[in-house]
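Okay, run_3.pdb is below, PDB, C-alpha atoms and all ligand atoms:
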ATOM      1  CA  MET A   6      16.772  -8.743 -57.837
ATOM      2  CA  SER A   7      18.920  -9.286 -54.837
ATOM      3  CA  SER A   8      17.422 -11.033 -51.846
ATOM      4  CA  HIS A   9      19.476  -8.724 -49.676
ATOM      5  CA  GLN A  10      17.272  -6.116 -47.970
ATOM      6  CA  PRO A  11      18.356  -2.525 -48.442
ATOM      7  CA  CYS A  12      19.282  -0.931 -45.126
ATOM      8  CA  GLY A  13      16.678   1.787 -45.515
ATOM      9  CA  LYS A  14      13.900  -0.708 -45.425
ATOM     10  CA  GLY A  15      15.117  -2.138 -42.141
ATOM     11  CA  ILE A  16      15.156   1.288 -40.516
ATOM     12  CA  GLY A  17      11.737   2.007 -41.960
ATOM     13  CA  ALA A  18      10.414  -1.161 -40.438
ATOM     14  CA  ALA A  19      11.977  -0.286 -37.092
ATOM     15  CA  LEU A  20      10.443   3.197 -37.221
ATOM     16  CA  ALA A  21       7.085   1.676 -38.086
ATOM     17  CA  LEU A  22       7.444  -0.518 -35.028
ATOM     18  CA  LEU A  23       8.024   2.416 -32.662
ATOM     19  CA  PRO A  24       4.399   3.401 -32.111
ATOM     20  CA  ALA A  25       3.605  -0.235 -31.493
ATOM     21  CA  LEU A  26       6.365  -0.333 -28.891
ATOM     22  CA  HIS A  27       4.949   2.767 -27.234
ATOM     23  CA  ALA A  28       1.505   1.245 -27.142
ATOM     24  CA  GLY A  29       3.024  -1.896 -25.701
ATOM     25  CA  ALA A  30       4.847   0.046 -23.008
ATOM     26  CA  LEU A  31       1.704   1.968 -22.140
ATOM     27  CA  ALA A  32      -0.291  -1.230 -21.901
ATOM     28  CA  LEU A  33       2.413  -2.637 -19.656
ATOM     29  CA  VAL A  34       2.319   0.398 -17.365
ATOM     30  CA  LEU A  35      -1.470   0.324 -17.195
ATOM     31  CA  GLY A  36      -1.362  -3.388 -16.571
ATOM     32  CA  LEU A  37       1.097  -2.911 -13.723
ATOM     33  CA  ALA A  38      -1.048  -0.166 -12.172
ATOM     34  CA  ALA A  39      -4.090  -2.413 -12.320
ATOM     35  CA  ALA A  40      -2.134  -5.297 -10.854
ATOM     36  CA  GLN A  41      -0.996  -3.054  -8.018
ATOM     37  CA  LEU A  42      -4.552  -1.969  -7.221
ATOM     38  CA  HIS A  43      -5.628  -5.542  -7.276
ATOM     39  CA  ALA A  44      -2.733  -6.546  -5.022
ATOM     40  CA  GLN A  45      -3.849  -3.974  -2.472
ATOM     41  CA  GLU A  46      -7.342  -5.464  -2.370
ATOM     42  CA  LEU A  47      -5.867  -8.899  -2.045
ATOM     43  CA  ASP A  48      -3.558  -7.685   0.706
ATOM     44  CA  GLY A  49      -6.514  -6.463   2.729
ATOM     45  CA  LYS A  50      -8.282  -9.741   2.275
ATOM     46  CA  ALA A  51      -5.149 -11.773   2.946
ATOM     47  CA  LEU A  52      -4.417  -9.751   6.082
ATOM     48  CA  PHE A  53      -7.976 -10.266   7.260
ATOM     49  CA  LEU A  54      -7.905 -14.012   6.630
ATOM     50  CA  LYS A  55      -4.584 -14.348   8.398
ATOM     51  CA  ASN A  56      -5.233 -12.125  11.432
ATOM     52  CA  CYS A  57      -8.936 -11.738  11.975
ATOM     53  CA  ALA A  58     -10.972 -14.505  10.369
ATOM     54  CA  ALA A  59     -10.242 -17.055  13.092
ATOM     55  CA  CYS A  60     -12.571 -15.056  15.319
ATOM     56  CA  HIS A  61     -14.619 -12.818  13.053
ATOM     57  CA  GLN A  62     -14.923 -15.506  10.343
ATOM     58  CA  ALA A  63     -14.105 -15.142   6.644
ATOM     59  CA  SER A  64     -17.738 -14.124   6.109
ATOM     60  CA  GLY A  65     -17.257 -11.207   8.539
ATOM     61  CA  LYS A  66     -20.292 -12.494  10.406
ATOM     62  CA  GLY A  67     -18.407 -13.479  13.544
ATOM     63  CA  ILE A  68     -19.787 -16.003  16.011
ATOM     64  CA  PRO A  69     -22.809 -14.755  17.909
ATOM     65  CA  GLY A  70     -22.132 -14.468  21.602
ATOM     66  CA  ALA A  71     -18.360 -14.725  21.134
ATOM     67  CA  PHE A  72     -17.059 -12.602  18.284
ATOM     68  CA  PRO A  73     -19.018  -9.636  16.963
ATOM     69  CA  ALA A  74     -19.997  -9.510  13.316
ATOM     70  CA  LEU A  75     -18.021  -6.901  11.371
ATOM     71  CA  ALA A  76     -20.334  -7.236   8.383
ATOM     72  CA  GLY A  77     -23.182  -4.757   8.604
ATOM     73  CA  ASN A  78     -21.746  -3.376  11.867
ATOM     74  CA  GLY A  79     -22.441   0.346  12.301
ATOM     75  CA  PHE A  80     -19.439   0.940  14.569
ATOM     76  CA  VAL A  81     -17.102  -0.667  12.035
ATOM     77  CA  GLN A  82     -18.337   1.683   9.301
ATOM     78  CA  GLY A  83     -18.338   4.710  11.584
ATOM     79  CA  LYS A  84     -15.497   6.885  12.812
ATOM     80  CA  SER A  85     -12.314   5.353  11.428
ATOM     81  CA  SER A  86     -10.155   6.426  14.355
ATOM     82  CA  GLU A  87     -12.401   4.585  16.819
ATOM     83  CA  VAL A  88     -12.220   1.414  14.764
ATOM     84  CA  ALA A  89      -8.453   1.671  14.397
ATOM     85  CA  ALA A  90      -8.162   2.260  18.154
ATOM     86  CA  VAL A  91      -9.654  -1.207  18.762
ATOM     87  CA  LEU A  92      -6.794  -2.713  16.743
ATOM     88  CA  LEU A  93      -4.128  -0.547  18.346
ATOM     89  CA  LYS A  94      -5.245  -1.062  21.930
ATOM     90  CA  GLY A  95      -7.238  -4.296  21.860
ATOM     91  CA  ARG A  96     -10.541  -4.527  23.684
ATOM     92  CA  GLY A  97     -12.142  -7.219  25.800
ATOM     93  CA  GLY A  98     -11.359 -10.563  24.207
ATOM     94  CA  MET A  99      -9.783  -8.936  21.194
ATOM     95  CA  PRO A 100      -5.970  -8.903  21.095
ATOM     96  CA  ASP A 101      -4.131  -5.713  20.248
ATOM     97  CA  PHE A 102      -2.348  -5.718  16.912
ATOM     98  CA  SER A 103      -0.123  -2.729  17.568
ATOM     99  CA  ASP A 104       3.029  -4.799  17.453
ATOM    100  CA  SER A 105       2.036  -7.453  14.946
ATOM    101  CA  LEU A 106       0.662  -5.216  12.188
ATOM    102  CA  SER A 107       2.322  -2.135  10.719
ATOM    103  CA  ASP A 108       0.392   1.120  10.333
ATOM    104  CA  ARG A 109       0.070   0.290   6.692
ATOM    105  CA  ASP A 110      -1.283  -3.204   7.379
ATOM    106  CA  ILE A 111      -3.782  -1.814   9.883
ATOM    107  CA  ALA A 112      -4.940   0.771   7.350
ATOM    108  CA  THR A 113      -5.161  -1.869   4.622
ATOM    109  CA  VAL A 114      -7.044  -4.473   6.644
ATOM    110  CA  LEU A 115      -9.464  -1.898   8.058
ATOM    111  CA  SER A 116     -10.088  -0.404   4.630
ATOM    112  CA  PHE A 117     -11.002  -3.922   3.546
ATOM    113  CA  VAL A 118     -13.235  -4.559   6.567
ATOM    114  CA  ARG A 119     -14.992  -1.210   6.201
ATOM    115  CA  SER A 120     -15.809  -1.716   2.529
ATOM    116  CA  ASN A 121     -16.601  -5.414   2.302
ATOM    117  CA  TRP A 122     -19.696  -7.574   2.863
ATOM    118  CA  GLY A 123     -21.850  -4.579   1.933
ATOM    119  CA  ASN A 124     -20.088  -2.272   4.422
ATOM    120  CA  LYS A 125     -19.779   1.306   3.222
ATOM    121  CA  GLY A 126     -17.125   2.865   5.461
ATOM    122  CA  THR A 127     -14.329   5.018   4.076
ATOM    123  CA  ALA A 128     -10.780   3.786   3.588
ATOM    124  CA  LEU A 129      -8.018   4.593   6.064
ATOM    125  CA  SER A 130      -4.532   5.769   5.258
ATOM    126  CA  GLU A 131      -1.287   4.675   6.797
ATOM    127  CA  SER A 132      -0.662   8.212   8.071
ATOM    128  CA  GLU A 133      -4.015   8.320   9.896
ATOM    129  CA  VAL A 134      -3.041   5.174  11.764
ATOM    130  CA  LEU A 135       0.371   6.638  12.550
ATOM    131  CA  GLU A 136      -1.218   9.824  13.937
ATOM    132  CA  LEU A 137      -3.635   7.787  16.007
ATOM    133  CA  ARG A 138      -0.789   5.689  17.366
ATOM    134  CA  GLU A 139       0.866   8.901  18.492
ATOM    135  CA  SER A 140      -2.243  10.408  20.042
ATOM    136  CA  LEU A 141      -3.026   7.163  21.878
ATOM    137  CA  GLN A 142       0.624   6.871  22.870
ATOM    138  CA  VAL A 143       0.830   3.361  21.524
ATOM    139  CA  GLU A 144       4.389   2.311  20.753
ATOM    140  CA  HIS A 145       5.512   2.419  17.165
ATOM    141  CA  TYR A 146       5.431  -0.743  15.158
ATOM    142  CA  SER A 147       8.757  -2.503  15.541
ATOM    143  CA  HIS A 148       8.450  -4.905  12.621
ATOM    144  CA  GLY A 149       7.110  -7.620  14.857
ATOM    145  CA  GLN A 150      10.295  -7.706  16.907
ATOM    146  CA  MET A 151       9.635  -7.801  20.608
ATOM    147  CA  SER A 152      12.000  -5.586  22.499
ATOM    148  CA  ASN A 153      14.499  -7.809  24.139
ATOM    149  CA  LYS A 154      16.062  -5.724  26.870
ATOM    150  CA  HIS A 155      17.256  -7.650  29.864
TER     151      HIS A 155
HETATM  152  C1  LIG B 201      -8.868 -13.780  19.201
HETATM  153  C2  LIG B 201     -10.102 -13.361  18.531
HETATM  154  C3  LIG B 201     -10.067 -12.090  17.710
HETATM  155  C4  LIG B 201      -9.236 -11.770  16.691
HETATM  156  C5  LIG B 201      -8.085 -12.582  16.133
HETATM  157  C6  LIG B 201      -9.677 -10.489  16.193
HETATM  158  N1  LIG B 201     -10.744 -10.058  16.912
HETATM  159 FE1  LIG B 201     -11.786  -8.322  16.613
HETATM  160  N2  LIG B 201     -12.869  -8.714  18.270
HETATM  161  C7  LIG B 201     -12.805  -9.856  19.029
HETATM  162  C8  LIG B 201     -13.708  -9.720  20.169
HETATM  163  C9  LIG B 201     -13.938 -10.751  21.250
HETATM  164  C10 LIG B 201     -14.299  -8.428  20.039
HETATM  165  C11 LIG B 201     -15.278  -7.777  21.023
HETATM  166  C12 LIG B 201     -14.403  -7.000  21.995
HETATM  167  C13 LIG B 201     -15.190  -6.419  23.148
HETATM  168  O1  LIG B 201     -15.536  -7.174  24.012
HETATM  169  O2  LIG B 201     -15.431  -5.215  23.119
HETATM  170  C14 LIG B 201     -13.763  -7.842  18.839
HETATM  171  C15 LIG B 201     -14.116  -6.588  18.373
HETATM  172  C16 LIG B 201     -13.683  -6.048  17.180
HETATM  173  C17 LIG B 201     -14.130  -4.788  16.653
HETATM  174  C18 LIG B 201     -15.140  -3.855  17.287
HETATM  175  C19 LIG B 201     -16.513  -4.313  16.889
HETATM  176  C20 LIG B 201     -17.596  -3.574  17.613
HETATM  177  O3  LIG B 201     -18.759  -3.695  17.207
HETATM  178  O4  LIG B 201     -17.336  -2.879  18.605
HETATM  179  C21 LIG B 201     -13.483  -4.589  15.468
HETATM  180  C22 LIG B 201     -13.601  -3.413  14.525
HETATM  181  C23 LIG B 201     -12.627  -5.747  15.278
HETATM  182  N3  LIG B 201     -12.783  -6.603  16.323
HETATM  183  C24 LIG B 201     -11.818  -5.927  14.187
HETATM  184  C25 LIG B 201     -10.868  -6.933  14.087
HETATM  185  C26 LIG B 201      -9.891  -7.009  13.042
HETATM  186  C27 LIG B 201      -9.795  -6.061  11.846
HETATM  187  C28 LIG B 201      -9.102  -8.075  13.337
HETATM  188  C29 LIG B 201      -7.882  -8.542  12.592
HETATM  189  C30 LIG B 201      -6.805  -7.574  12.406
HETATM  190  C31 LIG B 201      -9.613  -8.680  14.536
HETATM  191  N4  LIG B 201     -10.682  -7.960  14.972
HETATM  192  C32 LIG B 201      -9.099  -9.829  15.125
HETATM  193  C33 LIG B 201     -12.022 -10.952  18.793
HETATM  194  C34 LIG B 201     -11.016 -10.999  17.857
END

Can you turn what I pasted into structure tokens?
Ligand code: HEC
Amino acid sequence: MSSHQPCGKGIGAALALLPALHAGALALVLGLAAAQLHAQELDGKALFLKNCAACHQASGKGIPGAFPALAGNGFVQGKSSEVAAVLLKGRGGMPDFSDSLSDRDIATVLSFVRSNWGNKGTALSESEVLELRESLQVEHYSHGQMSNKH
């Protein structure tokens, strides 16, 4: 008996491994898709914590008399274009985010706000925000760069 493995057996083993490789690749793809979904949720939350929570609070409950609660707020869960307009144009003591957040960021953070803390509003898409920007004649997002024309 030679300890040397016949070539055929090696190929057989490799062939036997193929389905396992496929399963592995599939699991990897599914895993990536799940991670991407998760990242989107996190993005919404991260965007909210970074841009909104100072006033509206991480709990979404705001500060009575100063910053309205977004949690359980009927307006917030209502017509998405009206909610997005507040971000694009600002209102009262609320700054406008038209030049600090991209259409995608606005859609992502509002989708988060509208579906968190028990809120049941629908998600917004980047293209809805873009259309709204156009109809409100708000300048396009310039990647946070202020125009610097002198
Ligand atoms: C500097 C404080 C401040 C920050 C930061 C801020 N807001 Fe506001 N927000 C306000 C105030 C004040 C109002 C009430 C405006 C008014 O007087 O109509 C408001 C109103 C709103 C409303 C309308 C609520 C209603 O019932 O009419 C929404 C929606 C909203 N904010 C979302 C956000 C989101 C999303 C962010 C982050 C991207 C954000 N805000 C960041 C202060 C802030």

Which residues sit within 10 Å of ligand LIG 201 (chain B), counting all atoms listed in the file, listed as a count of residues only? 58

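Distances here use only C-alpha atoms; by that measure, the residue among A:Ser86, A:Pro24, A:Ala51, A:Ala40 closest to Ser140 (chain A) is A:Ser86.
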
Expand the PyMOL selection byres (((chain A and resi 134) around 8) and not hetatm) into the individual residues it matches in the shown file, reporting them as a ChimeraX atom specification. /A:86,89,108-109,111-112,129-133,135-138

Between CA of Ala128 (chain A) and CA of Lys84 (chain A) lies a distance of 10.8 Å

Pairwise distance, CA of Gly123 (chain A) with CA of Leu47 (chain A), equals 17.0 Å

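Going from CA of Glu139 (chain A) over to CA of Ser120 (chain A), you cover 25.4 Å.
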